[in-house]
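Here is the file protein.csv (CSV, C-alpha atoms).
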chain,number,residue,atom,x,y,z
R,1,MET,CA,-25.0,37.0,31.5
R,2,ASN,CA,-24.1,34.0,29.2
R,3,LYS,CA,-23.3,31.9,32.3
R,4,LYS,CA,-24.6,28.4,32.6
R,5,VAL,CA,-25.4,26.4,35.7
R,6,VAL,CA,-26.2,22.7,35.9
R,7,VAL,CA,-28.3,21.6,38.9
R,8,ILE,CA,-28.1,17.9,39.7
R,9,GLY,CA,-31.3,16.6,41.4
R,10,GLY,CA,-34.9,17.6,40.8
R,11,GLY,CA,-36.2,17.5,44.4
R,12,ILE,CA,-37.3,20.6,46.2
R,13,ALA,CA,-33.8,22.0,46.7
R,14,GLY,CA,-33.0,21.6,43.0
R,15,MET,CA,-36.3,23.1,41.9
R,16,GLU,CA,-36.1,26.2,44.1
R,17,SER,CA,-32.4,26.9,43.4
R,18,SER,CA,-33.0,26.5,39.7
R,19,ALA,CA,-35.9,29.0,39.8
R,20,HIS,CA,-33.8,31.6,41.6
R,21,LEU,CA,-30.8,31.1,39.4
R,22,ALA,CA,-33.0,31.5,36.3
R,23,ALA,CA,-34.6,34.6,37.8
R,24,LEU,CA,-31.1,36.1,38.2
R,25,GLY,CA,-30.5,35.6,34.5
R,26,TYR,CA,-28.4,32.4,34.3
R,27,GLU,CA,-29.1,29.6,31.8
R,28,VAL,CA,-30.1,26.7,34.1
R,29,THR,CA,-30.3,23.0,33.2
R,30,LEU,CA,-31.9,20.8,35.9
R,31,LEU,CA,-31.1,17.1,35.8
R,32,GLU,CA,-33.6,14.7,37.3
R,33,LYS,CA,-33.1,10.9,37.4
R,34,THR,CA,-36.8,10.1,37.2
R,35,ASP,CA,-39.6,11.4,35.0
R,36,LYS,CA,-41.0,13.8,37.6
R,37,LEU,CA,-39.8,16.8,39.7
R,38,GLY,CA,-40.6,17.0,43.4
R,39,GLY,CA,-38.5,14.2,45.0
R,40,HIS,CA,-39.8,12.8,48.3
R,41,LEU,CA,-42.4,15.6,48.6
R,42,LEU,CA,-44.5,13.8,46.0
R,43,ASN,CA,-45.1,11.0,48.5
R,44,TRP,CA,-46.3,13.1,51.4
R,45,GLU,CA,-49.9,14.2,51.9
R,46,LYS,CA,-49.9,16.8,54.8
R,47,LEU,CA,-46.9,18.7,56.0
R,48,PHE,CA,-46.0,19.6,59.6
R,49,PRO,CA,-46.7,21.8,61.4
R,50,THR,CA,-49.5,23.5,59.5
R,51,MET,CA,-51.0,20.4,58.0
R,52,ARG,CA,-51.1,22.0,54.5
R,53,MET,CA,-51.1,19.7,51.5
R,54,GLY,CA,-47.7,18.7,50.2
R,55,LYS,CA,-48.9,19.1,46.6
R,56,GLU,CA,-49.4,22.8,47.2
R,57,VAL,CA,-45.7,23.2,47.8
R,58,VAL,CA,-44.9,21.1,44.8
R,59,THR,CA,-47.1,23.4,42.7
R,60,PHE,CA,-45.4,26.5,44.0
R,61,LEU,CA,-42.0,25.1,43.2
R,62,ASN,CA,-43.1,24.0,39.7
R,63,GLU,CA,-44.3,27.4,38.9
R,64,GLY,CA,-40.9,28.8,39.7
R,65,VAL,CA,-39.2,26.3,37.3
R,66,GLU,CA,-41.7,27.0,34.5
R,67,LYS,CA,-41.6,30.8,34.9
R,68,GLY,CA,-37.8,30.7,34.9
R,69,LYS,CA,-37.8,28.6,31.7
R,70,VAL,CA,-35.5,26.2,33.3
R,71,ASN,CA,-34.3,23.5,30.9
R,72,VAL,CA,-35.3,20.2,32.6
R,73,ILE,CA,-33.8,16.9,31.5
R,74,TYR,CA,-35.7,13.9,32.9
R,75,ASN,CA,-34.3,10.4,33.3
R,76,ALA,CA,-30.9,11.9,33.3
R,77,GLU,CA,-27.8,9.9,34.4
R,78,ILE,CA,-24.4,11.5,34.7
R,79,LEU,CA,-21.7,9.2,33.1
R,80,ASN,CA,-18.7,11.4,33.6
R,81,THR,CA,-17.5,15.0,33.9
R,82,LYS,CA,-14.3,16.8,33.2
R,83,GLU,CA,-13.0,20.3,33.9
R,84,ILE,CA,-12.7,22.7,31.0
R,85,MET,CA,-11.6,26.4,31.0
R,86,ASN,CA,-13.5,28.1,33.9
R,87,GLY,CA,-16.1,25.3,34.0
R,88,PHE,CA,-17.2,21.8,33.4
R,89,SER,CA,-18.2,19.4,30.6
R,90,ILE,CA,-20.8,16.9,31.7
R,91,THR,CA,-21.7,13.8,29.7
R,92,LEU,CA,-25.1,12.2,30.3
R,93,ASN,CA,-26.8,9.1,29.0
R,94,ASN,CA,-28.1,9.3,25.4
R,95,ASN,CA,-24.9,11.0,24.4
R,96,ILE,CA,-26.0,14.4,25.8
R,97,VAL,CA,-23.1,16.7,26.6
R,98,LEU,CA,-23.6,19.8,28.7
R,99,GLU,CA,-21.2,22.6,29.5
R,100,SER,CA,-21.5,24.7,32.7
R,101,ASP,CA,-19.7,27.4,34.5
R,102,ALA,CA,-20.9,26.1,37.9
R,103,ILE,CA,-22.6,22.9,39.2
R,104,LEU,CA,-25.0,22.7,42.1
R,105,VAL,CA,-25.5,19.3,43.7
R,106,THR,CA,-29.0,18.7,45.2
R,107,THR,CA,-29.1,14.9,45.3
R,108,GLY,CA,-31.0,14.6,48.5
R,109,TYR,CA,-31.5,11.6,50.7
R,110,ASP,CA,-32.9,8.1,50.8
R,111,LEU,CA,-35.0,6.6,53.6
R,112,PHE,CA,-33.4,4.1,55.9
R,113,ASP,CA,-34.2,0.5,55.0
R,114,ALA,CA,-36.1,-0.7,58.1
R,115,SER,CA,-35.5,-4.4,57.3
R,116,LYS,CA,-31.9,-3.8,58.6
R,117,LYS,CA,-33.4,-3.7,62.1
R,118,GLU,CA,-34.6,-7.3,62.1
R,119,GLU,CA,-35.6,-7.0,65.8
R,120,TYR,CA,-38.4,-4.7,64.8
R,121,GLY,CA,-40.0,-7.2,62.4
R,122,PHE,CA,-40.3,-5.1,59.3
R,123,GLY,CA,-40.6,-7.4,56.3
R,124,ILE,CA,-41.3,-10.3,58.7
R,125,TYR,CA,-44.6,-9.4,60.3
R,126,ASP,CA,-47.5,-8.1,58.3
R,127,ASN,CA,-48.6,-5.5,60.8
R,128,VAL,CA,-45.2,-3.7,61.0
R,129,ILE,CA,-45.0,-0.8,58.4
R,130,THR,CA,-42.9,2.3,57.9
R,131,SER,CA,-43.8,5.9,58.3
R,132,ALA,CA,-43.5,6.2,54.5
R,133,GLU,CA,-46.0,3.4,53.9
R,134,LEU,CA,-48.4,5.0,56.4
R,135,GLU,CA,-48.1,8.3,54.5
R,136,GLU,CA,-48.8,6.5,51.3
R,137,LYS,CA,-52.1,5.3,52.8
R,138,PHE,CA,-53.0,8.9,53.7
R,139,MET,CA,-52.1,10.0,50.2
R,140,LYS,CA,-54.3,7.4,48.5
R,141,GLY,CA,-57.2,8.0,51.0
R,142,GLU,CA,-57.0,4.3,52.1
R,143,LYS,CA,-58.5,3.2,55.4
R,144,ILE,CA,-56.0,2.5,58.1
R,145,THR,CA,-56.4,-1.2,58.9
R,146,THR,CA,-54.5,-4.2,59.9
R,147,SER,CA,-53.3,-6.8,57.4
R,148,ASP,CA,-56.6,-8.7,57.7
R,149,GLY,CA,-58.7,-5.6,57.2
R,150,LYS,CA,-59.7,-4.8,60.8
R,151,ILE,CA,-59.7,-1.4,62.4
R,152,PRO,CA,-56.7,-1.3,64.8
R,153,LYS,CA,-57.6,-0.6,68.4
R,154,ARG,CA,-54.0,0.3,69.3
R,155,ILE,CA,-51.2,1.7,67.1
R,156,GLY,CA,-47.6,2.2,68.2
R,157,PHE,CA,-45.0,4.5,66.6
R,158,VAL,CA,-41.3,3.8,67.1
R,159,HIS,CA,-39.0,6.8,66.8
R,160,CYS,CA,-35.3,6.8,65.6
R,161,VAL,CA,-35.4,3.8,63.3
R,162,GLY,CA,-32.1,4.0,61.5
R,163,SER,CA,-31.1,7.3,63.3
R,164,ARG,CA,-28.9,7.8,66.4
R,165,ASP,CA,-28.1,4.1,66.1
R,166,GLU,CA,-24.4,3.0,66.3
R,167,LYS,CA,-25.4,-0.6,65.2
R,168,VAL,CA,-26.4,0.6,61.7
R,169,GLY,CA,-23.7,3.3,61.5
R,170,ASN,CA,-26.1,6.3,61.7
R,171,THR,CA,-25.2,8.2,64.8
R,172,TYR,CA,-26.8,11.4,63.7
R,173,CYS,CA,-30.4,12.7,64.3
R,174,SER,CA,-32.6,12.8,61.2
R,175,LYS,CA,-34.4,15.9,62.6
R,176,VAL,CA,-37.8,15.3,61.1
R,177,CYS,CA,-38.8,11.8,62.5
R,178,CYS,CA,-40.1,13.0,65.9
R,179,VAL,CA,-42.4,15.7,64.4
R,180,THR,CA,-43.5,13.3,61.6
R,181,ALA,CA,-44.6,10.8,64.3
R,182,VAL,CA,-46.5,13.6,66.0
R,183,LYS,CA,-48.2,14.7,62.7
R,184,GLN,CA,-49.1,11.1,61.7
R,185,SER,CA,-50.4,10.4,65.2
R,186,ILE,CA,-52.8,13.3,64.9
R,187,GLU,CA,-53.9,12.1,61.5
R,188,ILE,CA,-54.5,8.6,62.9
R,189,LYS,CA,-56.7,10.1,65.7
R,190,GLU,CA,-58.6,12.2,63.1
R,191,HIS,CA,-59.3,9.0,61.0
R,192,LEU,CA,-59.8,6.7,64.0
R,193,PRO,CA,-60.8,8.6,67.1
R,194,GLU,CA,-61.4,5.5,69.2
R,195,THR,CA,-57.9,4.1,68.5
R,196,ASP,CA,-55.2,4.4,71.2
R,197,VAL,CA,-51.9,5.8,69.9
R,198,TYR,CA,-48.5,5.3,71.6
R,199,CYS,CA,-45.2,6.9,70.6
R,200,PHE,CA,-42.1,5.2,71.9
R,201,TYR,CA,-39.2,7.7,71.8
R,202,MET,CA,-35.7,8.2,73.1
R,203,ASP,CA,-35.8,12.0,73.2
R,204,LEU,CA,-38.3,14.3,71.6
R,205,ARG,CA,-36.6,16.8,69.3
R,206,MET,CA,-38.9,19.5,68.1
R,207,TYR,CA,-36.5,21.5,65.9
R,208,GLY,CA,-38.8,23.9,64.0
R,209,MET,CA,-41.2,26.8,64.6
R,210,HIS,CA,-44.5,25.6,66.1
R,211,PHE,CA,-43.3,22.0,66.3
R,212,GLU,CA,-43.5,22.1,70.1
R,213,ALA,CA,-47.0,23.4,69.9
R,214,LEU,CA,-48.0,20.5,67.6
R,215,TYR,CA,-46.5,18.1,70.1
R,216,ARG,CA,-48.6,19.6,72.9
R,217,GLU,CA,-51.7,19.6,70.8
R,218,SER,CA,-51.2,15.9,70.1
R,219,GLN,CA,-51.4,15.2,73.8
R,220,GLU,CA,-53.9,17.7,75.0
R,221,LYS,CA,-56.4,17.6,72.1
R,222,TRP,CA,-55.9,14.2,70.6
R,223,GLY,CA,-54.8,12.1,73.6
R,224,VAL,CA,-51.6,10.6,72.0
R,225,ASN,CA,-49.5,8.8,74.6
R,226,PHE,CA,-45.8,9.3,74.7
R,227,VAL,CA,-43.5,6.6,76.3
R,228,ARG,CA,-39.9,7.4,76.8
R,229,GLY,CA,-38.0,4.3,76.0
R,230,ARG,CA,-36.3,2.6,73.0
R,231,LEU,CA,-37.9,-0.5,71.6
R,232,SER,CA,-35.8,-3.5,72.2
R,233,GLU,CA,-37.8,-6.2,70.4
R,234,ALA,CA,-41.1,-6.8,68.5
R,235,CYS,CA,-42.6,-10.2,67.9
R,236,GLU,CA,-45.9,-11.4,66.5
R,237,ASN,CA,-48.7,-12.8,68.6
R,238,MET,CA,-50.9,-15.6,67.5
R,239,ASP,CA,-53.6,-13.2,66.4
R,240,GLY,CA,-51.2,-11.2,64.2
R,241,SER,CA,-50.9,-8.3,66.6
R,242,ILE,CA,-47.4,-7.1,67.6
R,243,LEU,CA,-45.9,-7.6,71.1
R,244,VAL,CA,-43.4,-4.8,71.8
R,245,LYS,CA,-40.9,-4.8,74.6
R,246,VAL,CA,-39.5,-1.5,75.8
R,247,GLU,CA,-38.0,-0.1,78.9
R,248,ASP,CA,-40.0,2.9,80.2
R,249,THR,CA,-37.0,5.0,81.2
R,250,LEU,CA,-39.2,7.6,83.1
R,251,ALA,CA,-40.8,4.9,85.2
R,252,GLY,CA,-37.7,2.8,85.3
R,253,LYS,CA,-39.5,-0.3,84.5
R,254,PRO,CA,-39.6,-2.8,81.6
R,255,MET,CA,-42.8,-2.7,79.6
R,256,LYS,CA,-44.7,-5.1,77.3
R,257,MET,CA,-47.6,-4.0,75.2
R,258,SER,CA,-49.5,-5.5,72.2
R,259,VAL,CA,-50.4,-3.2,69.3
R,260,ASP,CA,-52.4,-4.0,66.3
R,261,LEU,CA,-50.2,-1.9,64.0
R,262,LEU,CA,-46.6,-0.9,64.5
R,263,VAL,CA,-45.2,2.1,62.6
R,264,LEU,CA,-41.4,2.6,62.2
R,265,MET,CA,-40.3,6.2,61.9
R,266,VAL,CA,-37.4,5.7,59.4
R,267,GLY,CA,-34.7,8.3,59.2
R,268,PHE,CA,-32.5,9.8,56.4
R,269,GLU,CA,-29.4,8.3,54.7
R,270,PRO,CA,-27.3,9.7,51.9
R,271,SER,CA,-29.0,8.8,48.6
R,272,LEU,CA,-27.5,6.5,46.1
R,273,GLY,CA,-27.3,9.5,43.8
R,274,THR,CA,-25.3,11.4,46.4
R,275,LYS,CA,-22.8,8.6,46.6
R,276,LYS,CA,-22.5,8.2,42.8
R,277,VAL,CA,-22.3,11.9,42.0
R,278,GLY,CA,-19.8,12.4,44.8
R,279,LYS,CA,-17.4,9.9,43.3
R,280,ILE,CA,-17.8,11.3,39.8
R,281,LEU,CA,-17.1,14.9,40.9
R,282,ASN,CA,-14.4,14.0,43.5
R,283,LEU,CA,-16.4,15.5,46.3
R,284,GLN,CA,-15.6,15.0,49.9
R,285,PHE,CA,-17.9,13.1,52.3
R,286,GLY,CA,-18.2,13.8,56.0
R,287,VAL,CA,-18.3,11.4,58.9
R,288,ASN,CA,-22.0,11.0,58.5
R,289,ARG,CA,-21.5,10.0,54.9
R,290,PHE,CA,-23.3,13.0,53.5
R,291,PHE,CA,-21.3,15.6,51.6
R,292,LYS,CA,-18.8,17.6,53.6
R,293,THR,CA,-19.1,21.4,53.3
R,294,GLN,CA,-16.1,23.7,53.5
R,295,ASP,CA,-17.2,25.1,56.8
R,296,GLN,CA,-20.2,24.2,59.0
R,297,HIS,CA,-20.9,27.8,59.9
R,298,THR,CA,-19.9,30.1,57.0
R,299,LEU,CA,-19.5,28.0,53.9
R,300,THR,CA,-22.4,25.5,54.1
R,301,ASN,CA,-23.1,25.6,50.3
R,302,VAL,CA,-19.5,25.3,49.2
R,303,SER,CA,-17.8,22.0,48.2
R,304,ASN,CA,-14.1,21.1,48.1
R,305,VAL,CA,-14.1,21.6,44.3
R,306,LYS,CA,-14.0,25.1,42.9
R,307,GLY,CA,-17.2,25.8,41.0
R,308,ILE,CA,-19.3,23.0,42.6
R,309,PHE,CA,-21.8,23.9,45.3
R,310,PHE,CA,-24.4,22.1,47.5
R,311,ALA,CA,-28.0,22.7,48.5
R,312,GLY,CA,-30.5,20.7,50.5
R,313,SER,CA,-30.3,17.4,52.4
R,314,CYS,CA,-27.3,16.0,50.4
R,315,THR,CA,-25.2,17.6,53.2
R,316,GLY,CA,-27.4,16.3,56.0
R,317,PRO,CA,-31.0,15.9,57.2
R,318,LYS,CA,-33.2,19.0,56.8
R,319,THR,CA,-36.8,20.0,57.0
R,320,ILE,CA,-38.7,21.2,54.0
R,321,THR,CA,-38.4,24.8,55.2
R,322,ASN,CA,-34.7,24.6,55.8
R,323,THR,CA,-34.2,22.9,52.5
R,324,ILE,CA,-35.9,25.7,50.5
R,325,THR,CA,-34.0,28.3,52.5
R,326,ASP,CA,-30.7,26.5,51.8
R,327,ALA,CA,-31.6,26.3,48.1
R,328,ARG,CA,-32.0,30.1,47.9
R,329,ALA,CA,-28.8,30.6,49.8
R,330,ALA,CA,-27.0,28.3,47.3
R,331,ALA,CA,-28.3,30.3,44.4
R,332,SER,CA,-27.0,33.5,45.9
R,333,THR,CA,-23.6,31.9,46.6
R,334,ILE,CA,-23.4,30.8,43.0
R,335,ALA,CA,-24.4,34.2,41.7
R,336,ASN,CA,-21.6,35.8,43.7
R,337,TYR,CA,-19.1,33.2,42.4
R,338,LEU,CA,-20.1,33.7,38.7
R,339,SER,CA,-20.2,37.5,39.0
R,340,GLY,CA,-16.6,37.5,40.1
R,341,HIS,CA,-17.5,39.1,43.4
R,342,ASP,CA,-17.5,36.0,45.5
R,343,ILE,CA,-16.7,37.2,49.0
R,344,HIS,CA,-15.7,33.6,49.9
R,345,ASN,CA,-13.3,33.0,47.1
R,346,ARG,CA,-10.1,33.7,49.0
R,347,ILE,CA,-11.2,31.4,51.8
R,348,MET,CA,-12.5,28.8,49.5
R,349,THR,CA,-9.3,28.7,47.4
R,350,SER,CA,-7.1,28.4,50.5
R,351,ASP,CA,-9.3,25.6,51.8
R,352,ILE,CA,-9.1,23.8,48.5
R,353,LYS,CA,-5.3,23.9,48.5
R,354,ALA,CA,-5.3,22.6,52.0
R,355,THR,CA,-7.4,19.6,51.2
R,356,VAL,CA,-5.9,18.6,47.9
Encoded form (structure tokens):
Amino acid sequence: MNKKVVVIGGGIAGMESSAHLAALGYEVTLLEKTDKLGGHLLNWEKLFPTMRMGKEVVTFLNEGVEKGKVNVIYNAEILNTKEIMNGFSITLNNNIVLESDAILVTTGYDLFDASKKEEYGFGIYDNVITSAELEEKFMKGEKITTSDGKIPKRIGFVHCVGSRDEKVGNTYCSKVCCVTAVKQSIEIKEHLPETDVYCFYMDLRMYGMHFEALYRESQEKWGVNFVRGRLSEACENMDGSILVKVEDTLAGKPMKMSVDLLVLMVGFEPSLGTKKVGKILNLQFGVNRFFKTQDQHTLTNVSNVKGIFFAGSCTGPKTITNTITDARAAASTIANYLSGHDIHNRIMTSDIKATV
């Protein structure tokens, strides 16, 4: 077809969309800012709701990239871009210049910096950690202990850290935090069956297939306790344990409890790469600071710039399943655009004129 596509971001959305575009016959170049493909999935051991190993999904996605003979450029940094006839010229570090007929942005997300919520004690108290740090312990096969090496008798999980929070400017739901807490709670009980586990939540949002069943299993089989109430404060006791203060909104009473380990379920934020690439490509951002799509229902992969498309969580929080599905949809949308049979072209063009 002699058509070229540049994909920006080597996470799961970038990998899957690249594989599909290559299978359709396009010459695909995948840009990754680090020296590995896989993004955040590289840092997760087991995946909800099936508890399959994350590395299995990475292997599957890698096979698609390799079979498609996708040109992968690691440690890539975009310096600038310019429009050329029916396409783009992209200048990278190391004086690499690429030309493309279309660009797909898959720059993903960053995890919320829990230290911004000082009242929760992350970075202040040794026994307050994030969900990402707990997952790293699972990945490495480390024992789950307190900072002084003791087996925790009680562990608390705090939901919605950095999500649905006007104080930090993130009013949206990150979609995966609740089910991640359920998954990690089960894993804690598998490792430490005698440990009591408590989840402090505002609302439980089980968005995906079988998520609700996993939540019920965590209670009925594993004995995980769920307390409806947002944590107001955490402070350190003399013995290093964490005193949490929360209002039990179901019982209508304030509640204090000491836990040996407190896990903060951190949400999604637009990645630094999303912010940088957005400015370089003149892309629009939505009220949630992720990329704004042309239409929330019908044009979810289409940007405000003709020839530039989106896939994955650069447009908002998504599960792994939703991200892979979105990547395939983006590949199809780009194929329609490049073939000259883009059914959205008339709408997209009018939208672009309206937003310029």
Task: Shell of 9 Å around R:Asp35, all atoms listed in the file, local chain residues under 5 positions omitted, as a PyMOL selection string - done: chain R and resi 73-76
Wanna dump the stretch 176-276 of chain R-stretch 119-138 of chain R contacts at 12 Å for me, each residue with its shortest atom pair and the distance in Å to one decimal, counting all atoms listed in the file, ordered by chain and number, as a tab-separated table?
residue	atom	partner	partner_atom	distance
R:Val176	CA	R:Ser131	CA	11.5
R:Cys177	CA	R:Ser131	CA	8.8
R:Cys178	CA	R:Ser131	CA	11.0
R:Val179	CA	R:Ser131	CA	11.6
R:Thr180	CA	R:Ser131	CA	8.1
R:Ala181	CA	R:Ser131	CA	7.8
R:Val182	CA	R:Ser131	CA	11.2
R:Lys183	CA	R:Glu135	CA	10.4
R:Gln184	CA	R:Glu135	CA	7.8
R:Ser185	CA	R:Leu134	CA	10.5
R:Glu187	CA	R:Phe138	CA	8.5
R:Ile188	CA	R:Phe138	CA	9.3
R:Glu190	CA	R:Phe138	CA	11.4
R:His191	CA	R:Phe138	CA	9.6
R:Arg230	CA	R:Tyr120	CA	11.2
R:Leu231	CA	R:Tyr120	CA	8.0
R:Ser232	CA	R:Glu119	CA	7.3
R:Glu233	CA	R:Glu119	CA	5.2
R:Ala234	CA	R:Tyr120	CA	5.0
R:Cys235	CA	R:Gly121	CA	6.8
R:Glu236	CA	R:Tyr125	CA	6.6
R:Asn237	CA	R:Tyr125	CA	9.9
R:Met238	CA	R:Tyr125	CA	11.4
R:Asp239	CA	R:Asn127	CA	10.8
R:Gly240	CA	R:Asn127	CA	7.1
R:Ser241	CA	R:Asn127	CA	6.8
R:Ile242	CA	R:Asn127	CA	7.1
R:Leu243	CA	R:Tyr120	CA	10.2
R:Val244	CA	R:Tyr120	CA	8.6
R:Lys245	CA	R:Tyr120	CA	10.1
R:Val246	CA	R:Tyr120	CA	11.5
R:Ser258	CA	R:Asn127	CA	11.4
R:Val259	CA	R:Asn127	CA	9.0
R:Asp260	CA	R:Asn127	CA	6.9
R:Leu261	CA	R:Asn127	CA	5.1
R:Leu262	CA	R:Val128	CA	4.7
R:Val263	CA	R:Ile129	CA	5.1
R:Leu264	CA	R:Thr130	CA	4.6
R:Met265	CA	R:Ser131	CA	5.0
R:Val266	CA	R:Ser131	CA	6.5
R:Gly267	CA	R:Ser131	CA	9.5
R:Phe268	CA	R:Ala132	CA	11.7
Task: Residue contacts of R:Ile151 (10 Å, all atoms listed in the file) excluding same-chain residues fewer than 2 positions away, as a ChimeraX atom specification - done: /R:143-149,153-154,192,194-195,260-261
TODO: Between R:Asn288, R:Ser271, R:Lys256, R:Phe211, single out the one closest to R:Val168, counting only C-alpha atoms.
DONE: R:Asn288
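Taking atom CA of R:Ser18 and atom CA of R:Ala327 as the two end points, the separation is 8.5 Å.
The point (-19.9, 24.7, 51.8) has these residues within 8 Å of it when all atoms listed in the file are used: R:Lys292, R:Thr293, R:Gln294, R:Asp295, R:Gln296, R:Thr298, R:Leu299, R:Thr300, R:Asn301, R:Val302, R:Ser303, R:Asn304, R:Phe309, R:Phe310.
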Task: Nearest candidate to R:Cys173 (options R:Lys46, R:Lys318, R:Lys275, R:Lys69; using all atoms listed in the file) - done: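 Between R:Lys46, R:Lys318, R:Lys275, R:Lys69, the residue approaching R:Cys173 most closely is R:Lys318.
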- [ ] For atom CA of R:Lys67 and atom CA of R:Val105, quote the distance in Å rounded to one decimal.
- [x]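 Calculated distance between atom CA of R:Lys67 and atom CA of R:Val105 is 21.7 Å.
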Taking only residues of stretch 26-59 of chain R that have an atom at most 12 Å from an atom of stretch 207-210 of chain R, what is each one's shortest atom pair and its distance in Å to one decimal, using all atoms listed in the file, in chain and number order, as a tab-separated table?
residue	atom	partner	partner_atom	distance
R:Phe48	CA	R:His210	CA	9.0
R:Pro49	CA	R:His210	CA	6.4
R:Thr50	CA	R:His210	CA	8.5
R:Met51	CA	R:His210	CA	11.6
Open item on the list: Using only C-alpha atoms, can you tell me which of R:Asp326, R:Asp248, R:Asp165, R:Asp101 comes closest to R:Ile12?
Closed with: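 Of the candidates, the smallest distance to R:Ile12 is held by R:Asp326.
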Task: Atomic separation - atom CA of R:His159 relative to atom CA of R:Asp196, Å - done: 17.0 Å
- [ ] Name all residues at most 6 Å from R:Thr29 (count all atoms listed in the file; drop same-chain ones fewer than 4 positions away) and give them as a PyMOL selection string.
- [x] chain R and resi 6+71-72
- [ ] Tell me which of R:Glu77, R:Met15, R:Leu21, R:Asn2 sits closest to R:Thr59, counting all atoms listed in the file.
- [x]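 Distance minimum relative to R:Thr59 lands on R:Met15.
Polymer residues near (-24.0, 30.6, 31.1): counting only C-alpha atoms with a cut-off of 7 Å, they are R:Met1, R:Asn2, R:Lys3, R:Lys4, R:Val5, R:Tyr26, R:Glu27, R:Ser100, R:Asp101.
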